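This is my_file-v1.pdb (PDB, C-alpha atoms).
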```pdb
MODEL        1
ATOM      1  CA  MET A   1      70.923-161.191   4.772
ATOM      2  CA  SER A   2      70.986-164.881   5.555
ATOM      3  CA  GLN A   3      73.135-166.901   3.197
ATOM      4  CA  LYS A   4      72.763-170.545   2.402
ATOM      5  CA  ILE A   5      74.832-172.669   4.764
ATOM      6  CA  PRO A   6      77.154-174.981   2.809
ATOM      7  CA  ILE A   7      77.484-178.684   3.581
ATOM      8  CA  VAL A   8      81.000-179.884   2.782
ATOM      9  CA  LYS A   9      81.873-183.569   2.582
ATOM     10  CA  ILE A  10      85.364-184.653   3.658
ATOM     11  CA  ASN A  11      85.863-188.422   3.730
ATOM     12  CA  GLU A  12      83.104-189.826   5.946
ATOM     13  CA  ASN A  13      82.348-186.434   7.504
ATOM     14  CA  LEU A  14      80.090-183.543   6.704
ATOM     15  CA  ILE A  15      81.251-180.091   7.754
ATOM     16  CA  VAL A  16      78.489-177.535   8.278
ATOM     17  CA  PRO A  17      79.895-174.050   8.830
ATOM     18  CA  PHE A  18      77.300-171.481   9.822
ATOM     19  CA  ILE A  19      78.536-168.523   7.777
ATOM     20  CA  SER A  20      75.788-166.117   8.806
ATOM     21  CA  ASP A  21      72.664-165.806  10.895
ATOM     22  CA  ILE A  22      69.959-168.032   9.454
ATOM     23  CA  ASP A  23      66.196-167.694   9.158
ATOM     24  CA  ASP A  24      63.961-170.463  10.500
ATOM     25  CA  ARG A  25      62.826-171.781   7.141
ATOM     26  CA  SER A  26      66.407-172.061   5.825
ATOM     27  CA  ALA A  27      67.389-173.794   9.059
ATOM     28  CA  LEU A  28      64.674-176.421   8.560
ATOM     29  CA  GLU A  29      65.772-176.916   4.946
ATOM     30  CA  LEU A  30      69.351-177.335   6.113
ATOM     31  CA  GLN A  31      68.208-180.010   8.562
ATOM     32  CA  SER A  32      66.484-182.154   5.936
ATOM     33  CA  GLU A  33      69.235-181.697   3.357
ATOM     34  CA  LEU A  34      71.853-182.655   5.934
ATOM     35  CA  LEU A  35      70.064-185.838   6.994
ATOM     36  CA  GLN A  36      69.559-186.870   3.366
ATOM     37  CA  ARG A  37      73.276-186.355   2.695
ATOM     38  CA  ILE A  38      74.170-188.439   5.776
ATOM     39  CA  PHE A  39      72.025-191.268   4.461
ATOM     40  CA  ASP A  40      73.122-191.018   0.800
ATOM     41  CA  SER A  41      76.862-190.725   1.438
ATOM     42  CA  LYS A  42      77.250-193.118   4.393
ATOM     43  CA  ILE A  43      78.400-190.313   6.648
ATOM     44  CA  THR A  44      79.573-191.191  10.151
ATOM     45  CA  GLY A  45      80.480-187.733  11.482
ATOM     46  CA  VAL A  46      78.862-184.303  11.338
ATOM     47  CA  LEU A  47      80.742-181.189  12.436
ATOM     48  CA  ILE A  48      78.602-178.116  12.963
ATOM     49  CA  ASP A  49      80.687-174.955  13.242
ATOM     50  CA  LEU A  50      78.892-172.202  15.175
ATOM     51  CA  THR A  51      81.931-169.920  15.632
ATOM     52  CA  ILE A  52      80.295-167.016  13.863
ATOM     53  CA  LEU A  53      76.937-167.130  15.651
ATOM     54  CA  ASP A  54      76.369-164.634  18.456
ATOM     55  CA  MET A  55      73.048-166.234  19.297
ATOM     56  CA  VAL A  56      71.557-169.694  19.585
ATOM     57  CA  ASP A  57      67.920-169.399  20.642
ATOM     58  CA  SER A  58      65.544-172.188  21.645
ATOM     59  CA  PHE A  59      64.522-172.832  18.036
ATOM     60  CA  LEU A  60      68.058-173.220  16.735
ATOM     61  CA  GLY A  61      69.130-175.118  19.850
ATOM     62  CA  ARG A  62      66.326-177.576  19.354
ATOM     63  CA  LEU A  63      67.087-177.887  15.639
ATOM     64  CA  ILE A  64      70.741-178.730  16.329
ATOM     65  CA  SER A  65      69.691-181.242  18.948
ATOM     66  CA  ASP A  66      67.169-182.788  16.539
ATOM     67  CA  ILE A  67      69.884-183.054  13.870
ATOM     68  CA  ALA A  68      72.170-184.811  16.347
ATOM     69  CA  LEU A  69      69.523-187.256  17.557
ATOM     70  CA  SER A  70      68.372-188.092  14.016
ATOM     71  CA  SER A  71      71.972-188.430  12.811
ATOM     72  CA  SER A  72      72.634-190.824  15.618
ATOM     73  CA  ILE A  73      69.765-193.032  14.418
ATOM     74  CA  LEU A  74      71.475-192.963  11.013
ATOM     75  CA  ASP A  75      74.695-194.039  12.769
ATOM     76  CA  ALA A  76      76.482-190.673  12.599
ATOM     77  CA  ASN A  77      77.842-188.617  15.486
ATOM     78  CA  THR A  78      77.394-184.843  15.678
ATOM     79  CA  VAL A  79      80.033-182.558  17.132
ATOM     80  CA  VAL A  80      79.252-178.887  17.677
ATOM     81  CA  VAL A  81      82.340-176.681  17.530
ATOM     82  CA  GLY A  82      83.115-173.030  18.122
ATOM     83  CA  ILE A  83      80.314-172.016  20.479
ATOM     84  CA  GLN A  84      81.195-168.571  21.847
ATOM     85  CA  PRO A  85      81.376-168.224  25.652
ATOM     86  CA  ALA A  86      78.517-165.686  25.689
ATOM     87  CA  VAL A  87      76.375-168.094  23.672
ATOM     88  CA  ALA A  88      77.189-170.938  26.078
ATOM     89  CA  ILE A  89      76.187-168.789  29.066
ATOM     90  CA  THR A  90      72.935-167.801  27.379
ATOM     91  CA  LEU A  91      72.112-171.373  26.360
ATOM     92  CA  VAL A  92      72.458-172.544  29.948
ATOM     93  CA  GLU A  93      70.275-169.714  31.263
ATOM     94  CA  LEU A  94      67.667-170.504  28.640
ATOM     95  CA  GLY A  95      67.740-174.090  29.870
ATOM     96  CA  LEU A  96      68.955-175.659  26.621
ATOM     97  CA  GLU A  97      71.284-178.634  26.613
ATOM     98  CA  LEU A  98      71.889-179.434  22.923
ATOM     99  CA  GLU A  99      70.938-183.008  23.713
ATOM    100  CA  GLY A 100      72.615-185.659  21.581
ATOM    101  CA  THR A 101      75.573-183.523  20.529
ATOM    102  CA  PHE A 102      79.244-183.753  21.383
ATOM    103  CA  SER A 103      81.221-180.529  21.759
ATOM    104  CA  ALA A 104      84.692-179.288  20.891
ATOM    105  CA  LEU A 105      86.273-175.874  21.184
ATOM    106  CA  ASN A 106      87.235-175.585  17.530
ATOM    107  CA  MET A 107      87.267-177.458  14.246
ATOM    108  CA  GLU A 108      90.665-179.047  14.843
ATOM    109  CA  GLU A 109      89.568-180.497  18.181
ATOM    110  CA  GLY A 110      86.224-181.408  16.652
ATOM    111  CA  ILE A 111      87.915-183.580  14.028
ATOM    112  CA  LYS A 112      89.865-185.356  16.767
ATOM    113  CA  VAL A 113      86.620-186.010  18.629
ATOM    114  CA  ILE A 114      84.855-187.303  15.536
ATOM    115  CA  ASN A 115      87.778-189.636  14.692
ATOM    116  CA  GLU A 116      87.875-190.918  18.254
ATOM    117  CA  LEU A 117      84.124-191.566  18.189
ATOM    118  CA  ARG A 118      84.494-193.416  14.905
ATOM    119  CA  ARG A 119      87.293-195.586  16.303
ATOM    120  CA  SER A 120      85.293-196.429  19.392
ATOM    121  CA  ARG A 121      82.360-197.635  17.275
ATOM    122  CA  TYR A 122      84.321-200.785  16.507
ATOM    123  CA  ASP A 123      85.546-202.861  19.378
ATOM    124  CA  PHE A 124      87.031-205.593  17.207
ATOM    125  CA  GLY A 125      89.997-205.029  14.908
ATOM    126  CA  ASP A 126      90.662-201.934  12.883
ATOM    127  CA  ILE A 127      87.952-201.955  10.308
ATOM    128  CA  ASP A 128      88.279-198.251   9.651
ATOM    129  CA  GLU A 129      91.544-196.540   8.708
TER     130      GLU A 129
ATOM    131  CA  MET B   1      65.937-138.466  36.656
ATOM    132  CA  SER B   2      65.162-140.898  33.911
ATOM    133  CA  ARG B   3      64.953-140.169  30.192
ATOM    134  CA  GLN B   4      63.693-142.330  27.412
ATOM    135  CA  GLU B   5      63.984-142.209  23.662
ATOM    136  CA  ILE B   6      62.578-144.455  20.955
ATOM    137  CA  LEU B   7      65.441-145.843  18.894
ATOM    138  CA  GLN B   8      63.642-148.111  16.477
ATOM    139  CA  ASN B   9      60.292-149.585  15.468
ATOM    140  CA  ILE B  10      60.216-152.931  13.718
ATOM    141  CA  GLN B  11      57.226-154.578  12.060
ATOM    142  CA  ILE B  12      57.104-158.363  12.326
ATOM    143  CA  GLU B  13      55.344-160.194   9.532
ATOM    144  CA  ASN B  14      57.531-163.087   8.471
ATOM    145  CA  ASN B  15      60.516-165.287   8.905
ATOM    146  CA  ILE B  16      62.907-162.717   7.433
ATOM    147  CA  ASP B  17      61.702-159.971   9.814
ATOM    148  CA  LEU B  18      62.902-162.213  12.636
ATOM    149  CA  VAL B  19      66.443-162.172  11.239
ATOM    150  CA  LYS B  20      66.133-158.393  10.760
ATOM    151  CA  ALA B  21      64.945-157.900  14.341
ATOM    152  CA  ARG B  22      67.985-159.760  15.623
ATOM    153  CA  GLN B  23      70.227-157.661  13.380
ATOM    154  CA  VAL B  24      68.729-154.380  14.632
ATOM    155  CA  VAL B  25      69.120-155.379  18.291
ATOM    156  CA  ARG B  26      72.637-156.643  17.619
ATOM    157  CA  THR B  27      73.636-153.263  16.150
ATOM    158  CA  ILE B  28      71.972-151.179  18.866
ATOM    159  CA  ALA B  29      73.368-153.261  21.741
ATOM    160  CA  LYS B  30      76.842-153.108  20.245
ATOM    161  CA  ASP B  31      76.662-149.341  19.626
ATOM    162  CA  LEU B  32      75.613-148.785  23.234
ATOM    163  CA  ASN B  33      78.588-150.850  24.408
ATOM    164  CA  PHE B  34      76.651-153.552  26.180
ATOM    165  CA  ASN B  35      79.138-156.267  27.107
ATOM    166  CA  ILE B  36      79.232-159.302  24.856
ATOM    167  CA  VAL B  37      77.212-161.555  27.176
ATOM    168  CA  ASN B  38      74.437-158.973  27.476
ATOM    169  CA  GLN B  39      74.475-158.372  23.710
ATOM    170  CA  THR B  40      73.919-162.091  23.208
ATOM    171  CA  LYS B  41      71.177-162.198  25.844
ATOM    172  CA  LEU B  42      69.359-159.260  24.250
ATOM    173  CA  ILE B  43      69.523-160.741  20.745
ATOM    174  CA  THR B  44      68.366-164.115  22.051
ATOM    175  CA  ALA B  45      65.494-162.616  24.069
ATOM    176  CA  VAL B  46      64.215-160.632  21.095
ATOM    177  CA  SER B  47      64.489-163.687  18.897
ATOM    178  CA  GLU B  48      62.366-165.733  21.314
ATOM    179  CA  LEU B  49      59.681-163.057  21.658
ATOM    180  CA  THR B  50      59.556-162.325  17.933
ATOM    181  CA  ARG B  51      59.156-165.975  17.100
ATOM    182  CA  ASN B  52      56.281-166.208  19.577
ATOM    183  CA  VAL B  53      54.566-163.387  17.697
ATOM    184  CA  LEU B  54      55.016-165.216  14.383
ATOM    185  CA  ILE B  55      53.810-168.537  15.786
ATOM    186  CA  TYR B  56      50.783-167.322  17.720
ATOM    187  CA  SER B  57      49.697-164.171  15.950
ATOM    188  CA  GLY B  58      51.399-164.011  12.572
ATOM    189  CA  LYS B  59      52.288-160.369  12.937
ATOM    190  CA  GLY B  60      53.169-157.741  15.455
ATOM    191  CA  LYS B  61      55.697-155.065  16.256
ATOM    192  CA  ILE B  62      58.760-154.288  18.306
ATOM    193  CA  VAL B  63      59.612-150.939  19.879
ATOM    194  CA  ILE B  64      63.163-150.448  21.133
ATOM    195  CA  GLU B  65      63.750-147.615  23.602
ATOM    196  CA  LEU B  66      66.847-146.276  25.237
ATOM    197  CA  LEU B  67      66.457-145.646  28.978
ATOM    198  CA  GLU B  68      68.895-143.260  30.577
ATOM    199  CA  THR B  69      69.369-142.295  34.185
ATOM    200  CA  ASP B  70      72.224-140.164  35.483
ATOM    201  CA  ILE B  71      74.250-143.254  36.290
ATOM    202  CA  ASN B  72      72.961-145.983  34.019
ATOM    203  CA  LYS B  73      71.687-146.879  30.562
ATOM    204  CA  GLY B  74      69.340-149.593  29.501
ATOM    205  CA  LEU B  75      67.240-150.913  26.679
ATOM    206  CA  ARG B  76      63.507-151.402  26.984
ATOM    207  CA  ILE B  77      62.038-153.593  24.277
ATOM    208  CA  THR B  78      58.288-153.926  23.854
ATOM    209  CA  VAL B  79      56.952-156.719  21.686
ATOM    210  CA  THR B  80      53.232-156.602  20.911
ATOM    211  CA  ASP B  81      50.802-158.532  18.789
ATOM    212  CA  ASP B  82      47.041-158.592  18.365
ATOM    213  CA  GLY B  83      46.869-162.359  18.308
ATOM    214  CA  PRO B  84      44.748-164.742  20.380
ATOM    215  CA  GLY B  85      46.208-163.689  23.737
ATOM    216  CA  ILE B  86      47.303-165.936  26.582
ATOM    217  CA  PRO B  87      44.557-167.318  28.865
ATOM    218  CA  ASP B  88      46.898-168.310  31.700
ATOM    219  CA  ILE B  89      50.055-166.206  31.902
ATOM    220  CA  ASP B  90      51.481-168.003  34.931
ATOM    221  CA  LEU B  91      51.282-171.263  33.030
ATOM    222  CA  ALA B  92      52.762-169.692  29.881
ATOM    223  CA  ILE B  93      55.876-168.588  31.728
ATOM    224  CA  THR B  94      56.348-171.981  33.372
ATOM    225  CA  ASP B  95      59.496-173.742  32.212
ATOM    226  CA  GLY B  96      58.663-176.574  29.845
ATOM    227  CA  TYR B  97      55.110-175.490  29.093
ATOM    228  CA  SER B  98      54.308-175.056  25.413
ATOM    229  CA  THR B  99      51.184-175.037  23.274
ATOM    230  CA  SER B 100      53.239-175.073  20.081
ATOM    231  CA  LYS B 101      55.989-177.451  19.037
ATOM    232  CA  GLY B 102      58.546-175.485  21.020
ATOM    233  CA  LEU B 103      60.475-176.585  24.056
ATOM    234  CA  GLY B 104      58.547-174.308  26.371
ATOM    235  CA  LYS B 105      61.733-172.372  27.085
ATOM    236  CA  GLY B 106      60.800-169.244  25.140
ATOM    237  CA  LEU B 107      59.055-167.083  27.730
ATOM    238  CA  SER B 108      60.543-168.584  30.874
ATOM    239  CA  GLY B 109      64.022-168.494  29.344
ATOM    240  CA  THR B 110      63.630-164.918  28.148
ATOM    241  CA  LYS B 111      62.603-163.863  31.632
ATOM    242  CA  ARG B 112      65.805-165.330  33.052
ATOM    243  CA  LEU B 113      67.958-163.500  30.488
ATOM    244  CA  MET B 114      66.574-160.033  31.319
ATOM    245  CA  ASP B 115      66.691-157.685  34.333
ATOM    246  CA  ASP B 116      63.000-156.957  34.020
ATOM    247  CA  PHE B 117      60.213-158.853  32.312
ATOM    248  CA  SER B 118      56.510-158.131  32.253
ATOM    249  CA  ILE B 119      53.682-159.539  30.230
ATOM    250  CA  GLN B 120      50.134-158.413  29.703
ATOM    251  CA  SER B 121      47.638-160.311  27.666
ATOM    252  CA  GLU B 122      43.966-160.326  26.953
ATOM    253  CA  VAL B 123      42.275-163.256  25.278
ATOM    254  CA  GLY B 124      41.072-162.254  21.835
ATOM    255  CA  LYS B 125      42.947-158.942  21.917
ATOM    256  CA  GLY B 126      46.645-159.667  22.023
ATOM    257  CA  THR B 127      49.792-159.797  24.067
ATOM    258  CA  GLU B 128      52.432-157.275  25.115
ATOM    259  CA  VAL B 129      55.782-158.317  26.540
ATOM    260  CA  VAL B 130      58.178-155.695  27.919
ATOM    261  CA  ILE B 131      61.787-156.566  28.682
ATOM    262  CA  ILE B 132      64.541-154.370  30.106
ATOM    263  CA  LYS B 133      68.278-154.928  30.232
ATOM    264  CA  TRP B 134      70.507-152.454  32.065
ATOM    265  CA  MET B 135      74.172-151.937  31.262
ATOM    266  CA  ASP B 136      74.878-152.077  34.977
ATOM    267  CA  PRO B 137      72.080-153.844  36.874
ATOM    268  CA  SER B 138      73.704-152.917  40.201
ATOM    269  CA  LYS B 139      72.915-149.208  39.642
ATOM    270  CA  LEU B 140      69.174-149.003  39.386
TER     271      LEU B 140
ENDMDL
END
```
As a first step, turn the structure in this file into structure tokens.
Amino acid sequence: MSQKIPIVKINENLIVPFISDIDDRSALELQSELLQRIFDSKITGVLIDLTILDMVDSFLGRLISDIALSSSILDANTVVVGIQPAVAITLVELGLELEGTFSALNMEEGIKVINELRRSRYDFGDIDE
Amino acid sequence: MSRQEILQNIQIENNIDLVKARQVVRTIAKDLNFNIVNQTKLITAVSELTRNVLIYSGKGKIVIELLETDINKGLRITVTDDGPGIPDIDLAITDGYSTSKGLGKGLSGTKRLMDDFSIQSEVGKGTEVVIIKWMDPSKL
């Protein structure tokens, strides 16, 4: 019923597409695996694609926020893409803010955001790209 | 005139039952033609309540009923456990209050998502939460 969520590395980014609903234990495993990969592979951007989810409850909302805040300590930015309008409405009514995350409408915009964030990390010269 | 009919009973015992509970509510809400926002709110509410059962009691059950009046339809979902119970319900439904590692948004948030929310609890006996969502809350 819940499939393992893949973590795909592209350059300095990790793409995390939620491909199905996820149980709590798998979500916690995903969190620790993701942070380890960020550390091991010198990742600077994480894109979490929630297009397929029709629900983000307080547990998952907190988990995503925790991922973003921990990633930021490891010097990576987290962009959440593809949140459905109904999910956004519900998140706000629940009182969840996805603290620490950046948002984009879709993956394409998300990649622009992550590249912009990476550029703005360096004020001097063009160290990256 | 109001009619009611039990659509589904779900036992909650573990992590996977939580995913199943969401799936059952998703299917029922969709079949009844709840709009997409209300489908999402129902799935989210059940997820919050089911997780509470797992955290505080370990097991419990969900009963999903269809409510029908001549002009409206709704879902009544009753989530019960025989866990430790809640000593202070007013405090438990206060935004930001939590005795677990949660955000304290579970009960208060669920209440905001539904048209009707009631909770009964007895310390040492258990807790029952009843939520109702109408297809058209303006026609009650």
Test item: the PyMOL selection byres ((chain B) within 7 of (chain A)) resolved as a compact mmCIF listing (two decimals) with C-alpha atoms, keeping the file's coordinate frame:
```txt
# COMPACT_ATOMS: atom_id res chain seq x y z
CA ASN B 15 60.52 -165.29 8.90
CA ILE B 16 62.91 -162.72 7.43
CA VAL B 19 66.44 -162.17 11.24
CA ILE B 36 79.23 -159.30 24.86
CA VAL B 37 77.21 -161.56 27.18
CA THR B 40 73.92 -162.09 23.21
CA LYS B 41 71.18 -162.20 25.84
CA ILE B 43 69.52 -160.74 20.74
CA THR B 44 68.37 -164.12 22.05
CA SER B 47 64.49 -163.69 18.90
CA GLU B 48 62.37 -165.73 21.31
CA LYS B 105 61.73 -172.37 27.08
CA GLY B 106 60.80 -169.24 25.14
CA GLY B 109 64.02 -168.49 29.34
CA THR B 110 63.63 -164.92 28.15
CA ARG B 112 65.81 -165.33 33.05
CA LEU B 113 67.96 -163.50 30.49
```
> Taking into account all atoms listed in the file, which residue in the set A:Ile7, A:Thr78, A:Ile64, A:Glu29 is nearest to A:Thr44?
Replying inline: A:Thr78
>> What does the structure give for the distance between atom CA of B:Leu54 and atom CA of B:Ile12, in Å to one decimal?
In response: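 Straight-line distance from atom CA of B:Leu54 to atom CA of B:Ile12 works out to 7.5 Å.
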>> So, with only C-alpha atoms as the atoms that count, which of B:Leu32, B:Leu67, B:Leu18, B:Val25 lies closest to B:Val53?
In response: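 Checking each of B:Leu32, B:Leu67, B:Leu18, B:Val25 against B:Val53, counting only C-alpha atoms, the winner is B:Leu18.
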> Hey, what comes out of the PyMOL selection byres ((chain B and resi 124-137) around 9) on this file? Could you write it as a PyMOL selection string?
Replying inline: chain B and resi 32-35+38+41-42+45-46+49+53+57+67+71-86+110-111+113-123+138-140
Since I can't run it myself right now, could you work out what the PyMOL selection byres ((chain A and resi 103) around 9) selects here and report it as a PDB file with C-alpha atoms, in the coordinates of the input?
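See expr-v5.pdb below for the written result:
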```pdb
ATOM      1  CA  THR A  78      77.394-184.843  15.678  1.00  0.00           C
ATOM      2  CA  VAL A  79      80.033-182.558  17.132  1.00  0.00           C
ATOM      3  CA  VAL A  80      79.252-178.887  17.677  1.00  0.00           C
ATOM      4  CA  VAL A  81      82.340-176.681  17.530  1.00  0.00           C
ATOM      5  CA  GLY A  82      83.115-173.030  18.122  1.00  0.00           C
ATOM      6  CA  ILE A  83      80.314-172.016  20.479  1.00  0.00           C
ATOM      7  CA  THR A 101      75.573-183.523  20.529  1.00  0.00           C
ATOM      8  CA  PHE A 102      79.244-183.753  21.383  1.00  0.00           C
ATOM      9  CA  ALA A 104      84.692-179.288  20.891  1.00  0.00           C
ATOM     10  CA  LEU A 105      86.273-175.874  21.184  1.00  0.00           C
ATOM     11  CA  ASN A 106      87.235-175.585  17.530  1.00  0.00           C
ATOM     12  CA  GLY A 110      86.224-181.408  16.652  1.00  0.00           C
ATOM     13  CA  VAL A 113      86.620-186.010  18.629  1.00  0.00           C
TER      14      VAL A 113
END
```
Per-axis box centre and lengths in Å around stretch 46-49 of chain A, 4 Å margin per side, axis-aligned, as AutoDock Vina command-line options:
```
--center_x 79.7 --center_y -179.6 --center_z 12.3 --size_x 10.1 --size_y 17.3 --size_z 9.9
```
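From atom CA of A:Gly45 back to atom CA of A:Ile15, the distance works out to 8.5 Å.
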Output stretch 30-51 of chain B as a CSV table (one decimal), in the coordinates of the input, making sure N, CA and C atoms are there.
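Generated output (part.csv):
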```csv
chain,number,residue,atom,x,y,z
B,30,LYS,N,75.4,-153.3,20.5
B,30,LYS,CA,76.8,-153.1,20.2
B,30,LYS,C,77.2,-151.6,20.3
B,31,ASP,N,76.4,-150.8,19.6
B,31,ASP,CA,76.7,-149.3,19.6
B,31,ASP,C,76.6,-148.7,21.0
B,32,LEU,N,75.7,-149.3,21.9
B,32,LEU,CA,75.6,-148.8,23.2
B,32,LEU,C,76.7,-149.3,24.2
B,33,ASN,N,77.5,-150.2,23.6
B,33,ASN,CA,78.6,-150.8,24.4
B,33,ASN,C,78.1,-151.8,25.5
B,34,PHE,N,77.0,-152.4,25.3
B,34,PHE,CA,76.7,-153.6,26.2
B,34,PHE,C,77.8,-154.6,26.1
B,35,ASN,N,78.1,-155.2,27.2
B,35,ASN,CA,79.1,-156.3,27.1
B,35,ASN,C,78.6,-157.4,26.3
B,36,ILE,N,79.6,-158.3,25.9
B,36,ILE,CA,79.2,-159.3,24.9
B,36,ILE,C,78.2,-160.3,25.3
B,37,VAL,N,78.2,-160.6,26.6
B,37,VAL,CA,77.2,-161.6,27.2
B,37,VAL,C,75.8,-160.9,27.1
B,38,ASN,N,75.7,-159.6,27.5
B,38,ASN,CA,74.4,-159.0,27.5
B,38,ASN,C,73.9,-158.7,26.0
B,39,GLN,N,74.9,-158.5,25.1
B,39,GLN,CA,74.5,-158.4,23.7
B,39,GLN,C,73.8,-159.7,23.3
B,40,THR,N,74.5,-160.8,23.6
B,40,THR,CA,73.9,-162.1,23.2
B,40,THR,C,72.6,-162.3,23.9
B,41,LYS,N,72.5,-162.0,25.1
B,41,LYS,CA,71.2,-162.2,25.8
B,41,LYS,C,70.1,-161.4,25.2
B,42,LEU,N,70.4,-160.1,24.9
B,42,LEU,CA,69.4,-159.3,24.2
B,42,LEU,C,68.9,-159.8,22.9
B,43,ILE,N,69.9,-160.2,22.1
B,43,ILE,CA,69.5,-160.7,20.7
B,43,ILE,C,68.7,-162.0,20.9
B,44,THR,N,69.1,-162.9,21.8
B,44,THR,CA,68.4,-164.1,22.1
B,44,THR,C,66.9,-163.9,22.5
B,45,ALA,N,66.8,-162.9,23.5
B,45,ALA,CA,65.5,-162.6,24.1
B,45,ALA,C,64.6,-162.1,23.0
B,46,VAL,N,65.1,-161.2,22.2
B,46,VAL,CA,64.2,-160.6,21.1
B,46,VAL,C,63.8,-161.7,20.1
B,47,SER,N,64.8,-162.6,19.8
B,47,SER,CA,64.5,-163.7,18.9
B,47,SER,C,63.4,-164.6,19.4
B,48,GLU,N,63.4,-164.9,20.7
B,48,GLU,CA,62.4,-165.7,21.3
B,48,GLU,C,61.0,-165.0,21.2
B,49,LEU,N,61.0,-163.8,21.6
B,49,LEU,CA,59.7,-163.1,21.7
B,49,LEU,C,59.1,-162.8,20.3
B,50,THR,N,60.0,-162.6,19.3
B,50,THR,CA,59.6,-162.3,17.9
B,50,THR,C,59.0,-163.6,17.3
B,51,ARG,N,59.7,-164.7,17.6
B,51,ARG,CA,59.2,-166.0,17.1
B,51,ARG,C,57.8,-166.3,17.7
```
